[in-house]
Amino acid sequence: MLLGATATELSLPPLPTAAAAALPASSGSSMRGSLSLLRSLSLSIHRHRHIARGGGGGGGRNALLLLSQSRRLSLAALRLPFSRPHLLVSPRASSASLSSSVEQVVDGPDSDENWDFTSRGGDSDGFSFDVGSVGSDMRQLASPPPAVEVKELEEVPEQWRRAKLAWLCKELPAQKGGTLVRILNAQRKWMRQEDATYVAVHCTRIRENETAFKVYKWMMQQHWYKFDFALATKLADYLGKNRKFAKCREIFDDIINQGRVPSESTFHVLIVAYLSAPIQGCLEEACSIYNRMIQLGGYQPQLSLHNSLFRALVSGSGALSKHHLKQAEFIFHNLVTSRLEIHKDIYGGLIWLHSYQDTVDGERIAELRKEMQESGIEETREVLLSVLRACSKEGNSDEAERVWLKLQHLGDKLPSLAYVYKMEVYAKVAEHMKSLNLFREMQERLGSATVAAYHKIIEVICKAQDVELAESLMKELKNSGLKPLGPSFIDMMNMYFNLGLHDKLESAFSQCVEKCQPNRVIYGIYLDSLVRIGDISKAEEIFSEMHSSGAIGISGRNCNSILGGYLSAGDYVKAEKVYHLMCQKKYEIERASMEKLDPILSLRGKAVKKPVSLKLTKEQREILVGMLLGGLQIDSDEQRKNHMIKFKFNENSGMHSALKRHIYEHYHEWLHPSCKLDDNSNEIPNSFSTICHSYFGFYADQFWPRGKPMIPKLIHRWLSPCALAYWYMYGGYRMSSGDILLKLRGSQEGAERVVKALKAKSLDCRVKRKGQVYWIGLLGSNSTWFWKLIEPYVLDLNFAQEDDGEILSFNSGSDSDKNSDNSEEDR
């Protein structure tokens, strides 16, 4: 019966009794079971070889197929006790070809794909999302990835080629990138695409996916290379499952550049890989791939993928997540049109996002609540709190009262934020005493008031301009020991400014400077007050302090304020200097000031200038060099005619928090209009970019040729103390021991250039590689001399010494750590 079967009908033979008995029960079984299985299978293989030699026709071919299957099953049995994923061999053979497919990976319960996505925001107002993980649906994809077909090693006709391929399969996984490429280059005379494909597929079989990727990249550079969609898909899927999102994305883009649509599995694993990476910008990339999966590929993602992406969108704080509303609505629309089950937390998360919008869509919230009711989903306390937050922004007191009653009927203690939102509702309808009574009720029932409640009640009373009551509450807040105090100081100073109480405003300003971090909004209010009362000398002093401080900075509003003060005082020389500063920074000048400036400049024989053309100053150029060494990125268009500088800062770094404001002010005139903030805003984003301009071409060619970081050959000419200081502030750390580490992106040759340039400045240092990043270590007395060199340019904000833990140890003998697990993250 077996000999009569066709090749396509042939399936794996039943295991012999001895082999079945020896099959390990779990991945933790002993070697003895696997060896027993292998002995049993070897007897079966020997028997099939005898049949293959003696038989002919279809029976011989079937016996050969059976032999190939048995051999692969024996190899799978050898790997089974030691590997986490279970391997199912899925052979595809025909009577005309003795080729077999790559083993298909089916993830078990402990597969790496069942990742637990952690919250991306640590704020208390993040939405609690409780939906399963994304991994379970990968086995049910509507369009499975294509199989890669390669010959078995014994089917290669030339014996020398078989030996070469076997040697490469053994040797390449043990080599690093440079050696691996050199070995492959030595095989160019005989190696062809089917040979390289065999090596790449073998590497995926033994889970050496990094090696497989390097072989694949080498293949692409050969003259005989033809795009292999199945191989590219397989590699992308394996890399994505190992969370190597950058390499997976590279292959993904290659597939699209070839005019092909990636398979559903590739979209799926790339989205999951991005979601699992705690790196800024990965969530946005995951959303982009998700949208292309639907719009370009026409696929219908699995339910768990919808849920996981939605959960990532609402996992941060409300202030950050509110920008994801459009994407969240798109996911909700796809769930509805695909007729998939909508989890209760999807409704709750969508209402939560709507409640944080600056302009609340009350009708949409009501529509979602109605759908929840029709689906039999009860409104949780979190949903009701979101509705109450929306009511506070709209001033909808009637709905707020109904929601308040529902919250009370839930039986639990009311959350503190509920009191805050209801206080704001009363404030919107001009009933500030009701807000105060509710604040006192909160203190009585909860035992104490939160700092958010204090901020809200002081804001409400200040808007009502009840000076005595506001001062009493402010004193109560200071005595409570709660922080921060800045928001309430701003409300108090605004109230004093509106009432013309300059003495009280000045007193509040002095207290704020003493107890709070420097704040541009607070300095701006004080500056406006000084200009109003005509104290121009004091106003000039405050303006100079703002301009020179990296933590405060100036805005267009501040410049207009001091400009108006100079013009009112008749000090036209200083007014002209401020005017030129505003032209340089491209700040808009108020019409009233312009009308006064026009005749003054005309009398001096000067035409009123328009904003000057953009040109980098010496300091701006040195800052760019230092930050480019620390990892600053430049994006170029396809023709490399225009370039954009992308500033990205770590929100968890104290140094970066100060540096981003300093950089924002220094490059204000270069920033893209979408990145420029309102004059009243004090929050600088963690990432912003410049306009696209040809002026950055020099830096793009020197530091980012072909879109990859590089250290220029003439770097020794540009390592000024200012550039070194900004390199340290952007990409460096000062350890608790006093040693200084500087992060450097580029090649080994580039790192050696930097080390040589530092040694020319009598700064001895060591270099160590970790993943794709080099670290320059200035140890002992060298760190002291380095610090003295850069100290005049380092921001004076007590953030200079920042211990980042054991980033890298320079005590070991080796100066390389190329096999770091963080290589993908460091990219």
# chains A, B, ... in the order shown; residues from 1 in each chain; ligands from 1
>>> select_by_dssp(residues="segment 620-675 of chain A", states="strand (DSSP E or B)", output="list in words")
Gln633, Ile634, Asp635, Ser636, His643, Met644, Ile645, Lys646, Phe647, Lys648 and Leu671 of chain A
>>> write_last_selection(atoms="C-alpha atoms", output="tab-separated table (two decimals), in the first residue's frame")
chain	number	residue	atom	x	y	z
A	633	GLN	CA	20.17	61.61	13.30
A	634	ILE	CA	19.94	63.31	9.91
A	635	ASP	CA	17.30	62.29	7.35
A	636	SER	CA	17.88	63.07	3.66
A	643	HIS	CA	18.28	67.27	4.88
A	644	MET	CA	16.40	67.29	8.18
A	645	ILE	CA	17.95	67.05	11.65
A	646	LYS	CA	15.90	64.99	14.10
A	647	PHE	CA	16.45	65.85	17.76
A	648	LYS	CA	15.41	63.04	20.13
A	671	LEU	CA	12.57	74.20	13.60
>>> atom_distance(atom1="atom CA of Ser263 of chain A", atom2="atom CA of Arg292 of chain A")
11.8 Å
>>> closest_residue(among="A:Ile458, A:Ile206, A:Cys692, A:Ile331", to="Val420 of chain A", atoms="only C-alpha atoms")
A:Ile458
>>> select_by_dssp(residues="segment 216-318 of chain A", states="alpha helix (DSSP H)", output="PyMOL selection string")
chain A and resi 216-220+229-241+245-257+264-275+282-295+303-313+318
>>> write_last_selection(atoms="C-alpha atoms", output="PDB file, in the first residue's frame")
ATOM      1  CA  TYR A 216      20.932  36.945   2.942  1.00  0.00           C
ATOM      2  CA  LYS A 217      22.424  40.464   2.841  1.00  0.00           C
ATOM      3  CA  TRP A 218      25.560  39.055   1.211  1.00  0.00           C
ATOM      4  CA  MET A 219      23.437  37.279  -1.388  1.00  0.00           C
ATOM      5  CA  MET A 220      21.756  40.559  -2.352  1.00  0.00           C
ATOM      6  CA  PHE A 229       9.994  36.118  -1.898  1.00  0.00           C
ATOM      7  CA  ALA A 230       9.660  32.903   0.115  1.00  0.00           C
ATOM      8  CA  LEU A 231      13.156  33.184   1.588  1.00  0.00           C
ATOM      9  CA  ALA A 232      12.725  36.868   2.433  1.00  0.00           C
ATOM     10  CA  THR A 233       9.412  36.111   4.124  1.00  0.00           C
ATOM     11  CA  LYS A 234      10.873  33.267   6.161  1.00  0.00           C
ATOM     12  CA  LEU A 235      13.830  35.330   7.345  1.00  0.00           C
ATOM     13  CA  ALA A 236      11.643  38.304   8.236  1.00  0.00           C
ATOM     14  CA  ASP A 237       9.309  36.075  10.242  1.00  0.00           C
ATOM     15  CA  TYR A 238      12.129  34.447  12.190  1.00  0.00           C
ATOM     16  CA  LEU A 239      13.810  37.786  12.923  1.00  0.00           C
ATOM     17  CA  GLY A 240      10.521  39.353  13.975  1.00  0.00           C
ATOM     18  CA  LYS A 241       9.822  36.529  16.408  1.00  0.00           C
ATOM     19  CA  PHE A 245      12.570  44.628  14.532  1.00  0.00           C
ATOM     20  CA  ALA A 246      15.215  46.661  12.668  1.00  0.00           C
ATOM     21  CA  LYS A 247      16.416  43.701  10.595  1.00  0.00           C
ATOM     22  CA  CYS A 248      12.864  42.447  10.107  1.00  0.00           C
ATOM     23  CA  ARG A 249      11.864  45.921   8.884  1.00  0.00           C
ATOM     24  CA  GLU A 250      14.823  45.985   6.504  1.00  0.00           C
ATOM     25  CA  ILE A 251      13.655  42.802   4.800  1.00  0.00           C
ATOM     26  CA  PHE A 252      10.058  44.051   4.905  1.00  0.00           C
ATOM     27  CA  ASP A 253      11.110  47.180   3.000  1.00  0.00           C
ATOM     28  CA  ASP A 254      13.103  45.060   0.528  1.00  0.00           C
ATOM     29  CA  ILE A 255       9.988  43.045  -0.267  1.00  0.00           C
ATOM     30  CA  ILE A 256       7.982  46.213  -0.942  1.00  0.00           C
ATOM     31  CA  ASN A 257      10.793  47.714  -3.034  1.00  0.00           C
ATOM     32  CA  GLU A 264       0.292  38.358   6.418  1.00  0.00           C
ATOM     33  CA  SER A 265       2.703  36.653   8.799  1.00  0.00           C
ATOM     34  CA  THR A 266       5.409  39.250   8.058  1.00  0.00           C
ATOM     35  CA  PHE A 267       3.063  42.123   8.819  1.00  0.00           C
ATOM     36  CA  HIS A 268       1.975  40.346  11.981  1.00  0.00           C
ATOM     37  CA  VAL A 269       5.400  39.579  13.453  1.00  0.00           C
ATOM     38  CA  LEU A 270       6.787  43.015  12.570  1.00  0.00           C
ATOM     39  CA  ILE A 271       3.946  44.757  14.414  1.00  0.00           C
ATOM     40  CA  VAL A 272       4.465  42.471  17.418  1.00  0.00           C
ATOM     41  CA  ALA A 273       8.219  43.104  17.368  1.00  0.00           C
ATOM     42  CA  TYR A 274       7.685  46.863  17.370  1.00  0.00           C
ATOM     43  CA  LEU A 275       5.146  46.636  20.198  1.00  0.00           C
ATOM     44  CA  CYS A 282       8.324  51.995  17.891  1.00  0.00           C
ATOM     45  CA  LEU A 283       4.625  52.387  18.697  1.00  0.00           C
ATOM     46  CA  GLU A 284       4.209  54.832  15.817  1.00  0.00           C
ATOM     47  CA  GLU A 285       5.996  52.397  13.490  1.00  0.00           C
ATOM     48  CA  ALA A 286       3.715  49.568  14.655  1.00  0.00           C
ATOM     49  CA  CYS A 287       0.682  51.703  13.821  1.00  0.00           C
ATOM     50  CA  SER A 288       2.097  52.516  10.396  1.00  0.00           C
ATOM     51  CA  ILE A 289       2.678  48.819   9.594  1.00  0.00           C
ATOM     52  CA  TYR A 290      -0.806  47.943  10.901  1.00  0.00           C
ATOM     53  CA  ASN A 291      -2.385  50.529   8.583  1.00  0.00           C
ATOM     54  CA  ARG A 292      -0.400  49.239   5.608  1.00  0.00           C
ATOM     55  CA  MET A 293      -1.360  45.683   6.488  1.00  0.00           C
ATOM     56  CA  ILE A 294      -4.999  46.604   5.935  1.00  0.00           C
ATOM     57  CA  GLN A 295      -4.727  49.199   3.190  1.00  0.00           C
ATOM     58  CA  LEU A 303      -8.428  39.833  16.971  1.00  0.00           C
ATOM     59  CA  SER A 304      -5.484  39.616  19.355  1.00  0.00           C
ATOM     60  CA  LEU A 305      -3.403  41.903  17.115  1.00  0.00           C
ATOM     61  CA  HIS A 306      -6.147  44.566  17.150  1.00  0.00           C
ATOM     62  CA  ASN A 307      -6.357  44.302  20.923  1.00  0.00           C
ATOM     63  CA  SER A 308      -2.623  44.390  21.525  1.00  0.00           C
ATOM     64  CA  LEU A 309      -2.092  47.466  19.377  1.00  0.00           C
ATOM     65  CA  PHE A 310      -5.047  49.227  21.001  1.00  0.00           C
ATOM     66  CA  ARG A 311      -3.698  48.366  24.448  1.00  0.00           C
ATOM     67  CA  ALA A 312      -0.321  49.907  23.537  1.00  0.00           C
ATOM     68  CA  LEU A 313      -2.078  53.091  22.390  1.00  0.00           C
ATOM     69  CA  GLY A 318      -3.573  60.694  29.103  1.00  0.00           C
TER      70      GLY A 318
END
>>> decode(residues="segment 524-539 of chain A", atoms="all heavy atoms", output="short mmCIF file (atom, residue, chain, number, x, y, z; two decimals), in the first residue's frame")
data_model
loop_
_atom_site.label_atom_id
_atom_site.label_comp_id
_atom_site.auth_asym_id
_atom_site.auth_seq_id
_atom_site.Cartn_x
_atom_site.Cartn_y
_atom_site.Cartn_z
N GLY A 524 8.26 84.67 32.67
CA GLY A 524 7.56 85.52 31.70
C GLY A 524 6.50 86.39 32.36
O GLY A 524 6.34 87.56 31.99
N ILE A 525 5.77 85.84 33.34
CA ILE A 525 4.76 86.64 34.05
C ILE A 525 5.44 87.77 34.81
O ILE A 525 4.98 88.93 34.81
CB ILE A 525 3.94 85.75 35.00
CG1 ILE A 525 3.17 84.69 34.21
CG2 ILE A 525 2.97 86.59 35.82
CD1 ILE A 525 2.52 83.64 35.10
N TYR A 526 6.55 87.44 35.47
CA TYR A 526 7.27 88.47 36.24
C TYR A 526 7.83 89.53 35.30
O TYR A 526 7.81 90.73 35.61
CB TYR A 526 8.38 87.80 37.04
CG TYR A 526 9.14 88.73 37.95
CD1 TYR A 526 8.48 89.65 38.76
CD2 TYR A 526 10.53 88.70 37.99
CE1 TYR A 526 9.19 90.50 39.61
CE2 TYR A 526 11.25 89.55 38.83
CZ TYR A 526 10.56 90.45 39.63
OH TYR A 526 11.25 91.30 40.46
N LEU A 527 8.35 89.12 34.14
CA LEU A 527 8.87 90.08 33.16
C LEU A 527 7.77 91.02 32.68
O LEU A 527 7.96 92.24 32.60
CB LEU A 527 9.47 89.31 31.98
CG LEU A 527 10.00 90.15 30.81
CD1 LEU A 527 11.22 90.96 31.24
CD2 LEU A 527 10.35 89.26 29.63
N ASP A 528 6.59 90.47 32.37
CA ASP A 528 5.46 91.31 31.93
C ASP A 528 5.07 92.31 33.01
O ASP A 528 4.74 93.48 32.71
CB ASP A 528 4.26 90.43 31.58
CG ASP A 528 4.51 89.58 30.35
OD1 ASP A 528 5.43 89.90 29.58
OD2 ASP A 528 3.78 88.58 30.15
N SER A 529 5.11 91.87 34.26
CA SER A 529 4.74 92.77 35.35
C SER A 529 5.75 93.91 35.51
O SER A 529 5.37 95.07 35.74
CB SER A 529 4.63 91.97 36.66
OG SER A 529 4.24 92.79 37.74
N LEU A 530 7.04 93.59 35.37
CA LEU A 530 8.07 94.62 35.46
C LEU A 530 7.94 95.63 34.33
O LEU A 530 8.12 96.85 34.54
CB LEU A 530 9.46 93.97 35.42
CG LEU A 530 9.87 93.16 36.65
CD1 LEU A 530 11.14 92.38 36.37
CD2 LEU A 530 10.05 94.06 37.87
N VAL A 531 7.65 95.19 33.14
CA VAL A 531 7.46 96.10 32.01
C VAL A 531 6.23 96.97 32.24
O VAL A 531 6.24 98.18 31.95
CB VAL A 531 7.33 95.31 30.70
CG1 VAL A 531 6.92 96.22 29.55
CG2 VAL A 531 8.65 94.62 30.36
N ARG A 532 5.18 96.38 32.79
CA ARG A 532 3.95 97.14 33.03
C ARG A 532 4.18 98.29 34.00
O ARG A 532 3.65 99.40 33.81
CB ARG A 532 2.85 96.22 33.56
CG ARG A 532 1.57 96.96 33.92
CD ARG A 532 0.54 96.03 34.54
NE ARG A 532 -0.14 95.24 33.52
CZ ARG A 532 -1.20 94.46 33.79
NH1 ARG A 532 -1.66 94.36 35.02
NH2 ARG A 532 -1.77 93.76 32.81
N ILE A 533 4.96 98.04 35.07
CA ILE A 533 5.19 99.11 36.07
C ILE A 533 6.35 100.02 35.67
O ILE A 533 6.65 100.99 36.38
CB ILE A 533 5.45 98.53 37.47
CG1 ILE A 533 6.77 97.73 37.49
CG2 ILE A 533 4.28 97.67 37.91
CD1 ILE A 533 7.18 97.27 38.87
N GLY A 534 7.00 99.73 34.54
CA GLY A 534 8.06 100.59 34.04
C GLY A 534 9.42 100.36 34.64
O GLY A 534 10.33 101.19 34.46
N ASP A 535 9.65 99.27 35.33
CA ASP A 535 10.97 98.96 35.89
C ASP A 535 11.79 98.23 34.82
O ASP A 535 12.00 97.01 34.86
CB ASP A 535 10.81 98.10 37.15
CG ASP A 535 12.10 97.98 37.94
OD1 ASP A 535 13.15 98.37 37.40
OD2 ASP A 535 12.07 97.48 39.08
N ILE A 536 12.28 99.01 33.82
CA ILE A 536 12.92 98.42 32.65
C ILE A 536 14.28 97.82 33.00
O ILE A 536 14.68 96.79 32.44
CB ILE A 536 13.07 99.49 31.54
CG1 ILE A 536 11.68 100.07 31.19
CG2 ILE A 536 13.69 98.86 30.29
CD1 ILE A 536 10.67 99.03 30.74
N SER A 537 15.01 98.45 33.92
CA SER A 537 16.33 97.91 34.27
C SER A 537 16.21 96.52 34.89
O SER A 537 16.99 95.61 34.58
CB SER A 537 17.04 98.86 35.24
OG SER A 537 16.28 99.02 36.43
N LYS A 538 15.23 96.34 35.77
CA LYS A 538 15.00 95.02 36.37
C LYS A 538 14.49 94.03 35.31
O LYS A 538 14.88 92.85 35.29
CB LYS A 538 13.99 95.13 37.52
CG LYS A 538 13.73 93.84 38.26
CD LYS A 538 14.95 93.38 39.03
CE LYS A 538 14.62 92.18 39.90
NZ LYS A 538 15.82 91.66 40.61
N ALA A 539 13.63 94.53 34.42
CA ALA A 539 13.11 93.69 33.34
C ALA A 539 14.25 93.22 32.43
O ALA A 539 14.29 92.06 31.99
CB ALA A 539 12.06 94.44 32.53
#
